Amino acid sequence: MHASATVTLLVQILVIVAVGQLLALAARRVGQPAVVAQVIAGVALGPSLLGVLWPAGLSALWAPDSLPALNAVGQLGLVLFMFLVGLEFDATLIKGLGRASVFISTSSIAAPFAMGIGLAWPLYVQFAPPGVPFLPFALFLGVAMSITAFPVLARILAERQALRTRIGAIALACAAVNDVTAWCILAFVVAVARVEGAESAVLTVVEAAAYVLVMLTLVRPLLGRIGERTREGASQGLLAVMFLLVFVSAAITELIGIHALFGAFAMGVITPRESGFTRALAEKLEDVVIIVLLPVYFACSGLRTDLTLMASTSAWTVCAAIIVVACVGKFGGSLVAARASGLTWQESSAIGILMNTRGLIQLIVLNIGLDLKVISPELFAMMVVMAIVTTMMTSPALEWVYPRAQIERELAAKGAAEATASKPPAVTPPAVLLCISDPTIGGPMVTFAERFSRGRGKPILALRLLPIEKPSNYLSTATPGEALEGLSSVDERAAELAITVATRSFPSAKPARDICRVADEVGVELILLGSHRPLLQRSMLGGVVADVVARAELPVGVLVDRGLVAVDRVLLAVDDSEDGRAAATVAAQLERGGASVTRWEPAAAPGAADGDRTEGLLAEAERGYDLVVVGMNATWDLDPSPTPWHRERLGQGIATTLLAVRGAS
């Protein structure tokens with residue numbers, strides 16, 4: 001590639017990623033999935049917006065001779081993303097289906113598929129490309145209407161903490177069946193669109209059947225043996241083998257005539273989940289795929305989405321009709337089937353809303369149709385609008401029908417029922433909630449918590465919240481008795497101290513909210529966080545830490561670790577503020593646990609500045625203490641609501657581990 005072409009490609013990717021991330025931040029603030037923002041970013045960078053506002057910029061940024069390289073990057077992203085989707089797919093959801101879920105999942109495909117075929121009759125003459133037979137056009141519309149975006153649905157449920165609810169379990173199971181069925185139907189439609197006669201059709205079917213047979217009888221057992229020998233993750237050699245298998249599988253299905261994405265998806269589905277192998281694969285891939293490669297695919301799709309083709313009132317009327325048919329078919333089919341299966345109207349409505357989520361999977365399907373020239377660019381633009389609208393309406397509609405407050409009540413009732421069923425002798429609230437963001441701080445946190453709770457018989461709870469957009473966070477096979485991913489340092493230190501630390505982990509879109517919710521549920525004495533410095537701040541009390549400090553009604557401690565291995569000698573910085581008194585309470589509890597506590601006050605010099613007190617405390621801390629405990633206030637140059645330019649001299653200048661305590665609000 002010529003140097004100028006390389007620069008052009010890099011600039012294009014830079015613009016795509018930057019715009020996508022900015023819109024994703026805005027989307028999260030209004031409760032929308034980040035993928036919606038990335039799809040909109042792709043459309044905005046194309047002729048629909050950039051081409052209208054700045055035609056010269058559109059031509060300069062997306063020069064025609066630069067697009068083949070960009071499309072190649074986008075196609076690579078699509079193949080790897082479909083492999084991730086396959087990895088995320090859990091076949092056990094299908095195995096555990098009851099009659100209700102089978103009926104709902106079948107109806108959620110059959111109803112919109114039939115309505116899509118019915119819609120094809122009035123649209124065929126105007127929107128089918130010349131020479132396209134009615135059958136592939138109608139079948140494609142049917143598939144496009146029946147798609148449910150399983151990855152987006154899973155993230156919406158996780159963000160709302162609804163994965164463990166009855167509705168969440170049914171919706172996930174139905175979406176899993178829907179996903180597999182829809183991809184199989186789409187593979188058939190692609191084959192129908194590509195065949196050039198009866199002999200070609202028979203050959204495609206035979207080759208596809210042979211491919212499936214080889215994948216199940218040869219490749220899957222091979223992957224199973226690899227997984228059994230890879231308990232600690234994937235080495236570079238095994239990762240290279242998996243990439244080769246993915247690309248070979250994708251190439252074979254493309255040659256067969258059923259598109260490369262089916263080969264990548266199938267390879268992900270058959271990869272075993274009995275060890276940490278699958279999760280390790282996802283972790284290696286997901287960041288670069290989701291942040292860089294997939295947005296490039298969205299941008300390529302956006303360049304093909306020209307909303308200016310829908311300039312007439314009649315075009316927007318047709319678009320509105322497509323949206324209505326899509327919603328009625330998917331929502332209505334799921335709603336009626338769920339109600340007929342014995343679910344309440346509220347539960348049935350929630351299922352219908354969730355199954356109506358289409359997201360990026362719909363976009364992938366639409367691009368296949370455009371590539372095959374089964375649909376026209378104008379119909380493609382209408383269907384893209386439908387995909388965006390049906391995905392954006394999911395979260396607000398679900399909140400209206402099935403609000404978060406009800407989900408929290410159901411989870412609380414479920415937890416109480418489980419606790420009653422296990423009949424424990426007593427439920428003792430944990431002394432400390434350890435919030436593990438950086439796994440390396442788990443050991444020091446356990447060291448502190450052990451001394452804080454010593455001699456009182458109170459348990460310790462460690463919580464690790466997982467980024468909601470990471471597919472690997474849905475792939476954990478750990479049971480409650482095993483170490484959760486990212487909490488190994490907690491378990492190792494607990495074993496050294498001969499104590500038990502309970503662990504809990506789940507995906508979260510709003511960590512501060514969920515930390516406070518869990519703390520309130522279990523009734524801890526202290527929320528313990530690790531210090532956190534956001535990218536654009538010098539403060540060590542920023543980001544999630546600042547949000548928890550502002551939101552929590554319980555005492556909060558922020559641990560600035562400097563290699564804590566014991567809590568024997570403690571220095572308490574005395575001040576008469578509310579936070580200072582909370583710090584004294586923590587120090588007193590450490591003292592009851594066997595620590596030696598030294599109480600230090602600055603010299604009572606009239607007019608002494610806060611900086612002088614901080615310098616004095618820094619000097620005292622150098623006298624061999626394990627831990628320094630202070631109140632989180634301006635007395636010690638600590639600001640619980642830091643500005644981007646704020647710098648805590650104590651937190652950044654101290655060589656001893658520091659615990660900054662904020663009192664209960």
# chains A, B, ... in the order shown; residues from 1 in each chain; ligands from 1
call {"tool": "select_by_dssp", "arguments": {"residues": "range 272-458 of chain A", "states": "strand (DSSP E or B)", "output": "list in words"}}
result
Val432, Leu433, Leu434 and Cys435 of chain A
call {"tool": "write_last_selection", "arguments": {"atoms": "N, CA and C atoms", "output": "JSON list (two decimals), in the first residue's frame"}}
result
[["chain", "number", "residue", "atom", "x", "y", "z"],
["A", 432, "VAL", "N", -17.16, -5.70, 55.57],
["A", 432, "VAL", "CA", -16.61, -4.86, 54.52],
["A", 432, "VAL", "C", -17.06, -5.38, 53.16],
["A", 433, "LEU", "N", -17.38, -4.44, 52.27],
["A", 433, "LEU", "CA", -17.61, -4.77, 50.86],
["A", 433, "LEU", "C", -16.38, -4.32, 50.09],
["A", 434, "LEU", "N", -15.61, -5.28, 49.56],
["A", 434, "LEU", "CA", -14.41, -4.97, 48.80],
["A", 434, "LEU", "C", -14.80, -4.83, 47.33],
["A", 435, "CYS", "N", -14.60, -3.65, 46.77],
["A", 435, "CYS", "CA", -14.96, -3.40, 45.38],
["A", 435, "CYS", "C", -13.69, -3.49, 44.53]]
call {"tool": "closest_residue", "arguments": {"among": "A:Ala208, A:Val558, A:Leu10, A:Val574", "to": "Ser66 in chain A", "atoms": "only C-alpha atoms"}}
result
A:Leu10
call {"tool": "closest_residue", "arguments": {"among": "A:Thr447, A:Ala162, A:Asn356, A:Leu529", "to": "Pro403 in chain A", "atoms": "only C-alpha atoms"}}
result
A:Ala162
call {"tool": "closest_residue", "arguments": {"among": "A:Asp371, A:Glu408, A:Glu88, A:Glu286", "to": "Ala176 in chain A", "atoms": "only C-alpha atoms"}}
result
A:Glu88
call {"tool": "atom_distance", "arguments": {"atom1": "CA of Ala100 in chain A", "atom2": "CA of Ile388 in chain A"}}
result
29.1 Å
call {"tool": "closest_atom_pairs", "arguments": {"of": "range 158-189 of chain A", "to": "range 508-525 of chain A", "cutoff": "8 Å", "atoms": "only C-alpha atoms", "output": "JSON lines"}}
result
{"residue": "A:Ala158", "atom": "CA", "partner": "A:Ser508", "partner_atom": "CA", "distance": 6.7}
{"residue": "A:Glu159", "atom": "CA", "partner": "A:Ala509", "partner_atom": "CA", "distance": 5.2}
{"residue": "A:Gln161", "atom": "CA", "partner": "A:Ser508", "partner_atom": "CA", "distance": 7.8}
call {"tool": "write_last_selection", "arguments": {"atoms": "C-alpha atoms", "output": "PDB file, in the first residue's frame"}}
result
ATOM      1  CA  ALA A 158     -27.426  -7.291  32.098  1.00  0.00           C
ATOM      2  CA  GLU A 159     -27.495  -3.500  32.380  1.00  0.00           C
ATOM      3  CA  GLN A 161     -29.733  -6.662  36.329  1.00  0.00           C
TER       4      GLN A 161
END
call {"tool": "atom_distance", "arguments": {"atom1": "CA of Ala546 in chain A", "atom2": "CA of Gly530 in chain A"}}
result
11.4 Å
call {"tool": "residues_around", "arguments": {"residues": "Asp438 in chain A", "least_positions_apart": "2", "cutoff": "9 Å", "atoms": "only C-alpha atoms", "output": "MDAnalysis selection string"}}
result
chainID A and resid 436 440:442 486 530
call {"tool": "residues_around", "arguments": {"residues": "Ala187 in chain A", "least_positions_apart": "3", "cutoff": "6 Å", "atoms": "only C-alpha atoms", "output": "short mmCIF file (atom, residue, chain, number, x, y, z; two decimals) with C-alpha atoms, in the first residue's frame"}}
result
data_model
loop_
_atom_site.label_atom_id
_atom_site.label_comp_id
_atom_site.auth_asym_id
_atom_site.auth_seq_id
_atom_site.Cartn_x
_atom_site.Cartn_y
_atom_site.Cartn_z
CA CYS A 184 -30.00 -20.97 9.26
CA VAL A 190 -28.34 -16.54 0.51
CA ILE A 258 -23.63 -19.19 2.14
#
call {"tool": "atom_distance", "arguments": {"atom1": "CA of Leu58 in chain A", "atom2": "CA of Gly74 in chain A"}}
result
18.4 Å
call {"tool": "closest_residue", "arguments": {"among": "A:Arg493, A:Arg569, A:Arg504, A:Arg225", "to": "Ala462 in chain A", "atoms": "only C-alpha atoms"}}
result
A:Arg504
call {"tool": "residues_around", "arguments": {"residues": "range 662-664 of chain A", "least_positions_apart": "2", "cutoff": "7 Å", "atoms": "only C-alpha atoms", "output": "PDB file with C-alpha atoms, in the first residue's frame"}}
result
ATOM      1  CA  GLU A 553     -25.319   6.403  52.348  1.00  0.00           C
ATOM      2  CA  LEU A 554     -22.840   4.114  54.145  1.00  0.00           C
ATOM      3  CA  PRO A 555     -19.247   4.928  55.175  1.00  0.00           C
ATOM      4  CA  VAL A 556     -16.792   4.701  52.278  1.00  0.00           C
ATOM      5  CA  GLY A 557     -13.057   4.043  52.430  1.00  0.00           C
ATOM      6  CA  GLU A 578     -17.632  14.281  60.262  1.00  0.00           C
ATOM      7  CA  ASP A 579     -15.215  12.402  58.010  1.00  0.00           C
ATOM      8  CA  ALA A 582     -15.665   8.235  60.672  1.00  0.00           C
ATOM      9  CA  GLY A 631     -10.891  11.704  56.943  1.00  0.00           C
ATOM     10  CA  MET A 632     -11.712  12.545  53.329  1.00  0.00           C
ATOM     11  CA  ALA A 660      -9.266   7.998  53.170  1.00  0.00           C
TER      12      ALA A 660
END
call {"tool": "closest_residue", "arguments": {"among": "A:Gln362, A:Thr271, A:Asn178, A:Ser249", "to": "Ser105 in chain A", "atoms": "only C-alpha atoms"}}
result
A:Asn178
call {"tool": "select_by_dssp", "arguments": {"residues": "range 170-395 of chain A", "states": "helix (DSSP H, G or I)", "output": "MDAnalysis selection string"}}
result
chainID A and resid 170:194 198:228 236:256 260:270 277:304 307:310 313:340 345:355 359:371 377:392 394:395
